[in-house]
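The data block below is model_38.cif; it holds mmCIF, C-alpha atoms.
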data_model
#
loop_
_atom_site.group_PDB
_atom_site.id
_atom_site.type_symbol
_atom_site.label_atom_id
_atom_site.label_comp_id
_atom_site.auth_asym_id
_atom_site.auth_seq_id
_atom_site.Cartn_x
_atom_site.Cartn_y
_atom_site.Cartn_z
ATOM 1 C CA MET L 249 47.918 64.449 144.539
ATOM 2 C CA GLU L 250 47.656 68.131 143.600
ATOM 3 C CA ASP L 251 44.919 68.625 146.193
ATOM 4 C CA MET L 252 47.287 67.674 149.050
ATOM 5 C CA PRO L 253 49.212 70.823 150.010
ATOM 6 C CA ASN L 254 51.865 69.145 152.130
ATOM 7 C CA GLN L 255 53.090 66.793 149.427
ATOM 8 C CA HIS L 256 55.957 67.891 147.182
ATOM 9 C CA PRO L 257 56.286 65.666 144.080
ATOM 10 C CA LYS L 258 59.735 66.417 142.681
ATOM 11 C CA ASP L 259 60.473 63.808 140.060
ATOM 12 C CA LEU L 260 60.012 66.176 137.138
ATOM 13 C CA ALA L 261 63.520 66.552 135.698
ATOM 14 C CA GLY L 262 62.963 70.285 135.488
ATOM 15 C CA LEU L 263 60.322 72.246 133.655
ATOM 16 C CA ALA L 264 61.022 70.707 130.235
ATOM 17 C CA GLY L 265 60.960 67.177 131.621
ATOM 18 C CA SER L 266 57.526 67.663 133.135
ATOM 19 C CA ALA L 267 56.197 68.189 129.618
ATOM 20 C CA GLY L 268 56.861 64.537 128.910
ATOM 21 C CA VAL L 269 60.172 64.917 127.048
ATOM 22 C CA VAL L 270 62.776 62.245 127.676
ATOM 23 C CA ALA L 271 66.019 64.196 127.731
ATOM 24 C CA ALA L 272 69.649 63.814 128.690
ATOM 25 C CA PRO L 273 70.584 63.865 132.396
ATOM 26 C CA PRO L 274 69.721 67.226 133.965
ATOM 27 C CA ALA L 275 72.302 69.952 133.741
ATOM 28 C CA VAL L 276 73.919 71.315 136.877
ATOM 29 C CA GLY L 277 71.676 73.875 138.523
ATOM 30 C CA LEU L 278 68.462 72.753 136.816
ATOM 31 C CA PRO L 279 65.692 73.501 139.318
ATOM 32 C CA ASP L 280 63.867 70.624 140.970
ATOM 33 C CA VAL L 281 60.329 71.985 140.784
ATOM 34 C CA SER L 282 56.969 70.492 141.695
ATOM 35 C CA THR L 283 53.990 70.994 139.418
ATOM 36 C CA VAL L 284 51.930 71.606 142.560
ATOM 37 C CA TRP L 285 54.056 74.656 143.266
ATOM 38 C CA LEU L 286 53.592 75.905 139.718
ATOM 39 C CA ARG L 287 49.833 75.455 139.914
ATOM 40 C CA VAL L 288 49.670 77.384 143.180
ATOM 41 C CA PHE L 289 51.973 80.068 141.778
ATOM 42 C CA LEU L 290 49.714 80.610 138.769
ATOM 43 C CA ASP L 291 46.594 80.753 140.955
ATOM 44 C CA VAL L 292 48.164 83.365 143.227
ATOM 45 C CA ALA L 293 49.367 85.358 140.197
ATOM 46 C CA ARG L 294 45.894 85.179 138.646
ATOM 47 C CA HIS L 295 44.056 86.348 141.740
ATOM 48 C CA GLY L 296 46.736 88.618 143.241
ATOM 49 C CA SER L 297 45.997 87.139 146.632
ATOM 50 C CA PHE L 298 47.111 84.203 148.755
ATOM 51 C CA THR L 299 43.711 84.227 150.455
ATOM 52 C CA VAL L 300 41.661 84.026 147.237
ATOM 53 C CA ALA L 301 43.999 81.400 145.756
ATOM 54 C CA ALA L 302 43.666 79.322 148.924
ATOM 55 C CA ARG L 303 39.878 79.559 148.719
ATOM 56 C CA THR L 304 39.940 78.498 145.048
ATOM 57 C CA LEU L 305 42.182 75.523 145.795
ATOM 58 C CA GLY L 306 40.324 74.524 148.948
ATOM 59 C CA TRP L 307 43.481 74.941 151.013
ATOM 60 C CA THR L 308 44.499 77.114 153.938
ATOM 61 C CA GLN L 309 46.356 80.360 153.351
ATOM 62 C CA SER L 310 49.368 79.021 155.232
ATOM 63 C CA ALA L 311 49.485 75.969 152.928
ATOM 64 C CA VAL L 312 49.521 78.254 149.875
ATOM 65 C CA SER L 313 52.254 80.345 151.442
ATOM 66 C CA ARG L 314 54.382 77.228 152.045
ATOM 67 C CA GLN L 315 54.076 76.159 148.385
ATOM 68 C CA ILE L 316 55.194 79.591 147.179
ATOM 69 C CA SER L 317 58.103 79.621 149.638
ATOM 70 C CA SER L 318 59.198 76.175 148.427
ATOM 71 C CA LEU L 319 59.060 77.334 144.802
ATOM 72 C CA GLU L 320 61.049 80.474 145.587
ATOM 73 C CA ALA L 321 63.691 78.395 147.386
ATOM 74 C CA ALA L 322 63.953 75.939 144.455
ATOM 75 C CA LEU L 323 64.465 78.831 142.032
ATOM 76 C CA GLY L 324 67.247 80.490 143.972
ATOM 77 C CA GLY L 325 65.565 82.146 146.937
ATOM 78 C CA GLY L 326 64.425 85.399 145.349
ATOM 79 C CA PRO L 327 60.833 86.547 145.890
ATOM 80 C CA LEU L 328 58.238 85.859 143.193
ATOM 81 C CA PHE L 329 55.676 88.168 144.811
ATOM 82 C CA ASP L 330 55.836 91.455 146.647
ATOM 83 C CA ARG L 331 53.747 91.042 149.797
ATOM 84 C CA LEU L 332 51.522 94.125 150.018
ATOM 85 C CA PRO L 333 49.122 95.255 152.765
ATOM 86 C CA ARG L 334 46.275 94.092 150.538
ATOM 87 C CA GLY L 335 47.235 91.102 148.410
ATOM 88 C CA VAL L 336 50.422 90.423 146.471
ATOM 89 C CA ARG L 337 52.020 91.551 143.219
ATOM 90 C CA LEU L 338 54.393 89.719 140.894
ATOM 91 C CA THR L 339 58.024 90.723 141.086
ATOM 92 C CA GLU L 340 60.090 90.888 137.907
ATOM 93 C CA ALA L 341 61.218 87.301 138.598
ATOM 94 C CA GLY L 342 57.583 86.273 138.979
ATOM 95 C CA ARG L 343 56.663 87.879 135.657
ATOM 96 C CA VAL L 344 59.497 85.974 133.932
ATOM 97 C CA LEU L 345 58.294 82.686 135.451
ATOM 98 C CA VAL L 346 54.616 83.023 134.440
ATOM 99 C CA PRO L 347 54.878 81.973 130.745
ATOM 100 C CA HIS L 348 57.167 79.069 131.622
ATOM 101 C CA ALA L 349 54.819 77.847 134.347
ATOM 102 C CA GLU L 350 51.879 78.140 131.937
ATOM 103 C CA ALA L 351 53.762 76.183 129.266
ATOM 104 C CA VAL L 352 54.574 73.375 131.695
ATOM 105 C CA THR L 353 51.040 73.080 133.078
ATOM 106 C CA GLU L 354 49.487 73.248 129.603
ATOM 107 C CA ALA L 355 51.869 70.532 128.369
ATOM 108 C CA LEU L 356 50.867 68.325 131.294
ATOM 109 C CA HIS L 357 47.168 68.972 130.646
ATOM 110 C CA GLY L 358 47.737 68.078 126.990
ATOM 111 C CA ALA L 359 49.536 64.873 127.941
ATOM 112 C CA ALA L 360 46.690 63.947 130.294
ATOM 113 C CA ARG L 361 44.111 64.570 127.560
ATOM 114 C CA GLU L 362 45.995 62.451 125.037
ATOM 115 C CA LEU L 363 46.512 59.631 127.533
ATOM 116 C CA THR L 364 42.819 59.679 128.412
ATOM 117 C CA GLU L 365 41.893 59.498 124.717
ATOM 118 C CA LEU L 366 44.361 56.660 124.283
ATOM 119 C CA ARG L 367 42.885 54.692 127.188
ATOM 120 C CA GLU L 368 39.382 55.208 125.825
ATOM 121 C CA ALA L 369 40.462 54.406 122.220
ATOM 122 C CA ALA L 370 39.236 57.882 121.288
ATOM 123 C CA GLY L 371 42.613 58.943 119.940
ATOM 124 C CA GLY L 372 46.033 57.593 119.115
ATOM 125 C CA ARG L 373 46.804 55.533 116.048
ATOM 126 C CA LEU L 374 46.037 52.133 114.597
ATOM 127 C CA ARG L 375 48.299 50.445 112.038
ATOM 128 C CA PHE L 376 46.897 47.270 110.559
ATOM 129 C CA GLY L 377 47.259 45.084 107.519
ATOM 130 C CA ALA L 378 45.155 42.454 105.782
ATOM 131 C CA PHE L 379 45.407 39.983 102.921
ATOM 132 C CA ALA L 380 43.552 40.929 99.752
ATOM 133 C CA THR L 381 40.484 38.711 100.130
ATOM 134 C CA ALA L 382 39.834 39.938 103.663
ATOM 135 C CA ASP L 383 39.779 43.453 102.182
ATOM 136 C CA ALA L 384 36.786 42.464 100.042
ATOM 137 C CA ALA L 385 34.248 42.505 102.869
ATOM 138 C CA LEU L 386 35.487 41.515 106.333
ATOM 139 C CA VAL L 387 37.922 44.380 106.887
ATOM 140 C CA PRO L 388 35.800 47.176 105.323
ATOM 141 C CA GLN L 389 32.812 46.233 107.478
ATOM 142 C CA ALA L 390 34.915 46.108 110.642
ATOM 143 C CA LEU L 391 36.633 49.368 109.694
ATOM 144 C CA ALA L 392 33.329 51.163 109.073
ATOM 145 C CA ALA L 393 32.020 50.095 112.494
ATOM 146 C CA PHE L 394 35.303 51.124 114.143
ATOM 147 C CA ARG L 395 35.396 54.554 112.492
ATOM 148 C CA ALA L 396 31.822 55.245 113.565
ATOM 149 C CA ARG L 397 32.744 54.563 117.199
ATOM 150 C CA HIS L 398 36.285 55.956 117.242
ATOM 151 C CA PRO L 399 36.552 58.752 114.659
ATOM 152 C CA GLY L 400 39.565 60.337 116.359
ATOM 153 C CA VAL L 401 41.920 57.380 115.827
ATOM 154 C CA ARG L 402 44.521 57.877 113.077
ATOM 155 C CA LEU L 403 44.410 54.856 110.766
ATOM 156 C CA THR L 404 46.992 53.417 108.405
ATOM 157 C CA ARG L 405 46.294 50.247 106.412
ATOM 158 C CA GLU L 406 48.473 47.919 104.369
ATOM 159 C CA GLU L 407 47.560 45.082 102.026
ATOM 160 C CA GLY L 408 49.784 42.085 101.490
ATOM 161 C CA ILE L 409 50.178 38.344 101.696
ATOM 162 C CA THR L 410 50.311 36.650 105.078
ATOM 163 C CA PRO L 411 54.131 36.195 105.309
ATOM 164 C CA GLY L 412 54.763 39.837 104.452
ATOM 165 C CA LEU L 413 52.176 41.065 106.931
ATOM 166 C CA LEU L 414 53.700 38.957 109.691
ATOM 167 C CA ASN L 415 57.139 40.392 108.906
ATOM 168 C CA ARG L 416 55.672 43.885 109.263
ATOM 169 C CA LEU L 417 54.108 42.838 112.553
ATOM 170 C CA ASP L 418 57.452 41.470 113.805
ATOM 171 C CA SER L 419 59.258 44.696 112.928
ATOM 172 C CA GLY L 420 56.753 46.831 114.827
ATOM 173 C CA HIS L 421 55.305 48.530 111.740
ATOM 174 C CA LEU L 422 51.844 47.020 112.335
ATOM 175 C CA ASP L 423 49.761 46.673 115.482
ATOM 176 C CA LEU L 424 47.564 43.943 114.034
ATOM 177 C CA ALA L 425 47.397 41.826 110.867
ATOM 178 C CA VAL L 426 44.490 39.885 109.376
ATOM 179 C CA VAL L 427 46.070 36.692 108.047
ATOM 180 C CA SER L 428 45.087 33.222 106.869
ATOM 181 C CA THR L 429 46.444 29.703 106.937
ATOM 182 C CA THR L 430 46.894 29.684 103.134
ATOM 183 C CA GLY L 431 50.540 29.223 102.230
ATOM 184 C CA ARG L 432 51.424 27.105 105.257
ATOM 185 C CA THR L 433 53.029 30.080 106.979
ATOM 186 C CA PRO L 434 53.923 29.205 110.598
ATOM 187 C CA LEU L 435 51.552 31.125 112.838
ATOM 188 C CA GLU L 436 52.557 29.665 116.211
ATOM 189 C CA PRO L 437 54.905 32.553 117.165
ATOM 190 C CA TYR L 438 51.959 34.991 117.198
ATOM 191 C CA GLU L 439 48.945 35.685 119.352
ATOM 192 C CA LEU L 440 46.099 34.473 117.163
ATOM 193 C CA HIS L 441 42.521 35.688 117.511
ATOM 194 C CA HIS L 442 40.270 33.403 115.484
ATOM 195 C CA LEU L 443 37.882 35.311 113.225
ATOM 196 C CA LEU L 444 36.333 32.642 111.020
ATOM 197 C CA ASP L 445 36.783 29.387 109.152
ATOM 198 C CA GLU L 446 36.412 29.986 105.462
ATOM 199 C CA SER L 447 34.827 27.683 102.915
ATOM 200 C CA LEU L 448 35.644 27.592 99.209
ATOM 201 C CA TYR L 449 33.724 27.890 95.949
ATOM 202 C CA VAL L 450 34.661 26.786 92.463
ATOM 203 C CA ALA L 451 34.039 29.574 89.972
ATOM 204 C CA VAL L 452 32.989 28.175 86.584
ATOM 205 C CA PRO L 453 31.839 29.868 83.372
ATOM 206 C CA ALA L 454 28.090 30.127 82.948
ATOM 207 C CA GLY L 455 28.142 27.436 80.256
ATOM 208 C CA HIS L 456 30.052 24.862 82.290
ATOM 209 C CA PRO L 457 28.292 21.454 82.570
ATOM 210 C CA LEU L 458 28.198 21.755 86.355
ATOM 211 C CA ALA L 459 27.062 25.385 86.434
ATOM 212 C CA GLY L 460 23.530 24.398 87.389
ATOM 213 C CA ALA L 461 24.537 21.911 90.100
ATOM 214 C CA THR L 462 22.667 22.143 93.359
ATOM 215 C CA GLY L 463 24.429 21.562 96.652
ATOM 216 C CA PRO L 464 28.152 21.180 97.367
ATOM 217 C CA VAL L 465 30.381 19.480 94.798
ATOM 218 C CA ARG L 466 33.516 17.433 95.263
ATOM 219 C CA LEU L 467 36.613 19.190 94.035
ATOM 220 C CA GLY L 468 37.708 15.997 92.264
ATOM 221 C CA ARG L 469 34.980 16.541 89.677
ATOM 222 C CA PHE L 470 37.154 19.334 88.254
ATOM 223 C CA ALA L 471 40.346 17.277 88.054
ATOM 224 C CA ASP L 472 40.350 17.416 84.244
ATOM 225 C CA ASP L 473 39.556 21.143 83.970
ATOM 226 C CA ASP L 474 42.038 23.878 83.176
ATOM 227 C CA TRP L 475 42.727 25.926 86.303
ATOM 228 C CA ILE L 476 43.398 29.613 86.817
ATOM 229 C CA SER L 477 45.572 30.397 89.829
ATOM 230 C CA GLY L 478 47.926 33.007 91.186
ATOM 231 C CA SER L 479 50.820 30.542 91.040
ATOM 232 C CA SER L 480 51.896 27.831 88.626
ATOM 233 C CA ARG L 481 52.359 25.494 91.578
ATOM 234 C CA PRO L 482 49.341 24.600 93.726
ATOM 235 C CA GLU L 483 51.407 24.129 96.886
ATOM 236 C CA GLY L 484 50.911 26.952 99.341
ATOM 237 C CA THR L 485 47.825 28.291 97.549
ATOM 238 C CA LEU L 486 44.094 27.649 97.809
ATOM 239 C CA LEU L 487 44.683 24.726 95.467
ATOM 240 C CA ASP L 488 46.214 22.858 98.401
ATOM 241 C CA ALA L 489 42.595 21.729 98.837
ATOM 242 C CA ALA L 490 42.869 19.817 95.535
ATOM 243 C CA LEU L 491 46.122 18.163 96.618
ATOM 244 C CA ARG L 492 44.438 17.032 99.833
ATOM 245 C CA GLN L 493 41.700 15.430 97.720
ATOM 246 C CA GLY L 494 44.158 13.411 95.680
ATOM 247 C CA PHE L 495 44.661 15.236 92.393
ATOM 248 C CA ARG L 496 47.088 17.809 91.070
ATOM 249 C CA PRO L 497 45.246 20.546 89.154
ATOM 250 C CA GLN L 498 46.612 21.663 85.809
ATOM 251 C CA VAL L 499 47.270 25.410 86.120
ATOM 252 C CA THR L 500 46.885 26.711 82.590
ATOM 253 C CA HIS L 501 46.781 30.455 83.331
ATOM 254 C CA VAL L 502 48.701 32.212 86.120
ATOM 255 C CA VAL L 503 46.697 35.292 87.065
ATOM 256 C CA GLY L 504 47.199 37.201 90.311
ATOM 257 C CA GLU L 505 44.309 39.657 90.590
ATOM 258 C CA TRP L 506 40.796 38.476 91.462
ATOM 259 C CA THR L 507 38.945 40.520 88.875
ATOM 260 C CA ALA L 508 41.234 39.222 86.135
ATOM 261 C CA LYS L 509 40.855 35.608 87.313
ATOM 262 C CA LEU L 510 37.086 35.873 87.055
ATOM 263 C CA GLY L 511 37.418 37.467 83.629
ATOM 264 C CA TYR L 512 39.341 34.397 82.462
ATOM 265 C CA VAL L 513 36.655 32.144 83.964
ATOM 266 C CA ALA L 514 33.838 34.096 82.272
ATOM 267 C CA ALA L 515 35.646 33.732 78.940
ATOM 268 C CA GLY L 516 35.621 29.944 79.335
ATOM 269 C CA LEU L 517 39.378 29.618 79.815
ATOM 270 C CA GLY L 518 39.195 27.576 82.991
ATOM 271 C CA VAL L 519 37.941 27.404 86.557
ATOM 272 C CA THR L 520 39.304 28.878 89.767
ATOM 273 C CA LEU L 521 38.804 28.681 93.511
ATOM 274 C CA VAL L 522 37.129 31.585 95.262
ATOM 275 C CA PRO L 523 37.189 31.910 99.072
ATOM 276 C CA ALA L 524 33.934 32.754 100.813
ATOM 277 C CA LEU L 525 35.175 36.231 101.761
ATOM 278 C CA ALA L 526 35.361 37.151 98.071
ATOM 279 C CA ALA L 527 32.145 35.437 96.966
ATOM 280 C CA ALA L 528 29.986 38.564 97.183
ATOM 281 C CA SER L 529 32.110 40.348 94.584
ATOM 282 C CA VAL L 530 31.820 37.667 91.862
ATOM 283 C CA ARG L 531 30.453 38.849 88.515
ATOM 284 C CA GLN L 532 27.092 37.644 87.193
ATOM 285 C CA ASP L 533 28.436 35.706 84.202
ATOM 286 C CA VAL L 534 30.316 33.358 86.536
ATOM 287 C CA ALA L 535 28.671 30.583 88.567
ATOM 288 C CA LEU L 536 29.851 29.711 92.076
ATOM 289 C CA LEU L 537 29.638 26.109 93.284
ATOM 290 C CA PRO L 538 30.273 25.408 96.981
ATOM 291 C CA VAL L 539 33.050 22.893 97.562
ATOM 292 C CA LEU L 540 32.086 19.915 99.704
ATOM 293 C CA ASP L 541 33.922 20.154 103.030
ATOM 294 C CA GLU L 542 35.448 16.699 103.445
ATOM 295 C CA GLY L 543 37.460 17.382 106.572
ATOM 296 C CA ALA L 544 38.992 20.479 108.045
ATOM 297 C CA PRO L 545 37.857 23.877 106.718
ATOM 298 C CA ALA L 546 39.729 25.093 103.654
ATOM 299 C CA ARG L 547 41.434 27.779 105.688
ATOM 300 C CA ALA L 548 41.153 29.720 108.906
ATOM 301 C CA VAL L 549 41.336 33.508 109.190
ATOM 302 C CA TYR L 550 42.934 35.164 112.201
ATOM 303 C CA ALA L 551 43.794 38.558 113.548
ATOM 304 C CA ALA L 552 47.442 38.187 114.521
ATOM 305 C CA THR L 553 49.230 40.325 117.084
ATOM 306 C CA ALA L 554 52.830 40.187 118.293
ATOM 307 C CA ARG L 555 53.277 37.837 121.224
ATOM 308 C CA GLY L 556 54.363 39.640 124.386
ATOM 309 C CA ARG L 557 53.568 43.103 123.019
ATOM 310 C CA SER L 558 50.727 45.013 124.663
ATOM 311 C CA LEU L 559 47.864 45.976 122.391
ATOM 312 C CA THR L 560 47.074 49.649 122.197
ATOM 313 C CA PRO L 561 43.496 50.486 123.226
ATOM 314 C CA ALA L 562 42.724 51.366 119.586
ATOM 315 C CA ALA L 563 44.033 47.992 118.367
ATOM 316 C CA ALA L 564 42.071 46.173 121.078
ATOM 317 C CA ALA L 565 38.902 48.038 120.075
ATOM 318 C CA PHE L 566 39.438 47.241 116.390
ATOM 319 C CA LEU L 567 40.080 43.589 117.203
ATOM 320 C CA GLY L 568 36.774 43.506 119.060
#
Using structure tokens, write down the structure from this file.
Amino acid sequence: MEDMPNQHPKDLAGLAGSAGVVAAPPAVGLPDVSTVWLRVFLDVARHGSFTVAARTLGWTQSAVSRQISSLEAALGGGPLFDRLPRGVRLTEAGRVLVPHAEAVTEALHGAARELTELREAAGGRLRFGAFATADAALVPQALAAFRARHPGVRLTREEGITPGLLNRLDSGHLDLAVVSTTGRTPLEPYELHHLLDESLYVAVPAGHPLAGATGPVRLGRFADDDWISGSSRPEGTLLDAALRQGFRPQVTHVVGEWTAKLGYVAAGLGVTLVPALAAASVRQDVALLPVLDEGAPARAVYAATARGRSLTPAAAAFLG
């Protein structure tokens, strides 16, 4: 639009408004100024000539003259340039206007740069959260690939359980959350992007009778074992898998953190379930036995986004 000399875009809400600031309704007398006029004004001031400015812009001299006349009229009618036999010279009013015109055009250039970076996921911000097990391998690998491609994006990360992450997503504090179906949290209100179906392992101490088993094992074979879990009740935890297979595990030790759980297992104090995402971090004095999948996968993992809310380019790139 700036290359069309006869167009006069005026929806700028004054010089401050053209910098992208949403302000109160314009005050009485606030000039209605086109950025095209300001650009032409600065070119004429830089070159000291309507003719040279016209050549630089690819316009006619009369088109440049019309833009300057329109700007002068919008600012009260006083001249911004003294017309000399050879070229032009800024008046005092013109000298006052120069820094303001430069500030407006630089602000618009800055806005254009930031918007371009945003569209290309080269800038902006990304706020995401993930449940703890996803932070063991899935999220760090995705994050490393994302940072290599988009180093200019500002990242903030939160860790939490699925219900808490979804609350943060609802409130607008997160752009994306990596969540799971553990805990029976309703996921239908969200846009769900399926990442993987996760299998389970039983972690047993190295001396356990089944430690050397080959192939998947039925979870019911551990019905008489002591269990280590993050909750005293199996409902809403990974131990839902045991309930589905017809037995209620005896939770002897309630331990929340994965490293501590595996320490209890290694000491022979019980067994615990380990999701596949955490399997790579299991210590060497603990044996992992794959659980036989006797129906639906133990749990599904999704990237959840708020339904009806547009993804930022950075969030879309990270999701990919």
Identify all residues satisfying the PyMOL selection byres ((chain L and resi 298) around 9) in the given file; provide them as a count of residues only. 17
Residues returned when the PyMOL selection byres ((chain L and resi 402) around 6) runs on this file, as a PyMOL selection string: chain L and resi 373+401+403
Interatomic distance (Å, one decimal) between CA of Pro464 in chain L and CA of Ser447 in chain L: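 Interatomic distance here is 10.8 Å.
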Using Å and a single decimal, report how far CA of Phe289 in chain L sits from CA of Ser317 in chain L. 10.0 Å
Convert the output of the PyMOL selection byres ((chain L and resi 531-541) around 8) on the shown file into explicit residues, formatted as a list in words.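 What the PyMOL selection byres ((chain L and resi 531-541) around 8) grabs from the file is Ser447, Leu448, Tyr449, Val450, Ala451, Val452, Pro453, Ala454, Ala459, Ala461, Gly463, Pro464, Val465, Arg466, Leu467, Leu510, Val513, Ala514, Ala527, Ser529, Val530, Glu542, Gly543, Ala544, Pro545 and Ala546 of chain L.
Residues with any atom within 8 Å of Ser477 in chain L, counting all atoms listed in the file and excluding same-chain neighbours fewer than 5 positions away, are Pro482, Val499, His501, Val502, Val503, Gly504, Lys509, Thr520 and Leu521 of chain L.
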Please determine an axis-aligned box that encloses all atoms of range 282-288 of chain L listed in the file, with 8 Å added on each side, and express its centre and edge lengths in Å to one decimal as JSON.
{"center_x": 53.3, "center_y": 73.9, "center_z": 141.3, "size_x": 23.3, "size_y": 22.9, "size_z": 19.8}
Using only C-alpha atoms, pick whichever of L:Ala396, L:Leu567, L:Ala380, L:Leu486 has the shortest atom-to-atom distance to Glu446 in chain L.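 Selected residue with least distance to Glu446 in chain L: L:Leu486.
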Nearest to Gly518 in chain L: which of L:Ile316, L:Ala471, L:Ala552, L:Ala563 is it, counting all atoms listed in the file?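 So, comparing all the options, the nearest one is L:Ala471.
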Provide the CA of Thr560 in chain L to CA of Thr381 in chain L distance in Å, to one decimal place. 25.5 Å
Can you list, as a PyMOL selection string, every protein, DNA or RNA residue that comes within 10 Å of Ala385 in chain L when you count all atoms listed in the file, leaving out same-chain residues fewer than 6 positions away? chain L and resi 391+524-529
One residue among L:Arg481, L:Arg375, L:Arg405, L:His398 is nearest to Leu559 in chain L when using all atoms listed in the file, and that residue is L:Arg375
Skipping near chain neighbours, those fewer than 5 positions away, what residues fall within 12 Å of range 347-350 of chain L using only C-alpha atoms, listed as a list in words?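 In the requested form, the answer reads Gly262, Leu263, Ala264, Ser266, Ala267, Val281, Ser282, Thr283, Val284, Trp285, Leu286, Arg287, Val288, Phe289, Leu290, Asp291, Ala293, Arg294, Leu319, Ala341, Gly342, Ala355, Leu356, His357 and Gly358 of chain L.
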Please check which residues have atoms at most 7 Å from (47.0, 45.7, 100.9) in the file's coordinates, counting all atoms listed in the file, and write them as a ChimeraX atom specification. /L:377-380,406-408
Include C-alpha atoms and write out the residues we just selected as a tab-separated table (two decimals), in the coordinates of the input.
chain	number	residue	atom	x	y	z
L	377	GLY	CA	47.26	45.08	107.52
L	378	ALA	CA	45.16	42.45	105.78
L	379	PHE	CA	45.41	39.98	102.92
L	380	ALA	CA	43.55	40.93	99.75
L	406	GLU	CA	48.47	47.92	104.37
L	407	GLU	CA	47.56	45.08	102.03
L	408	GLY	CA	49.78	42.08	101.49
Test item: which residues lie within 8 Å of (52.9, 31.4, 103.2) counting all atoms listed in the file, as a VMD selection string: chain L and resid 409 to 411 429 to 434 484
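Among L:Ala359, L:Leu440, L:Val352, L:Ile476, the residue with the shortest atom-to-atom distance to Ala551 in chain L, counting all atoms listed in the file, is L:Leu440.
If you measure from each of L:Ala565, L:Val387, L:Leu328, L:Ala382 to Val344 in chain L using only C-alpha atoms, the closest one turns out to be L:Leu328.
For the set L:Leu443, L:Ala508, L:Leu435, L:Leu422, the residue with the smallest atom-to-atom gap to Ala390 in chain L is L:Leu443, counting all atoms listed in the file.
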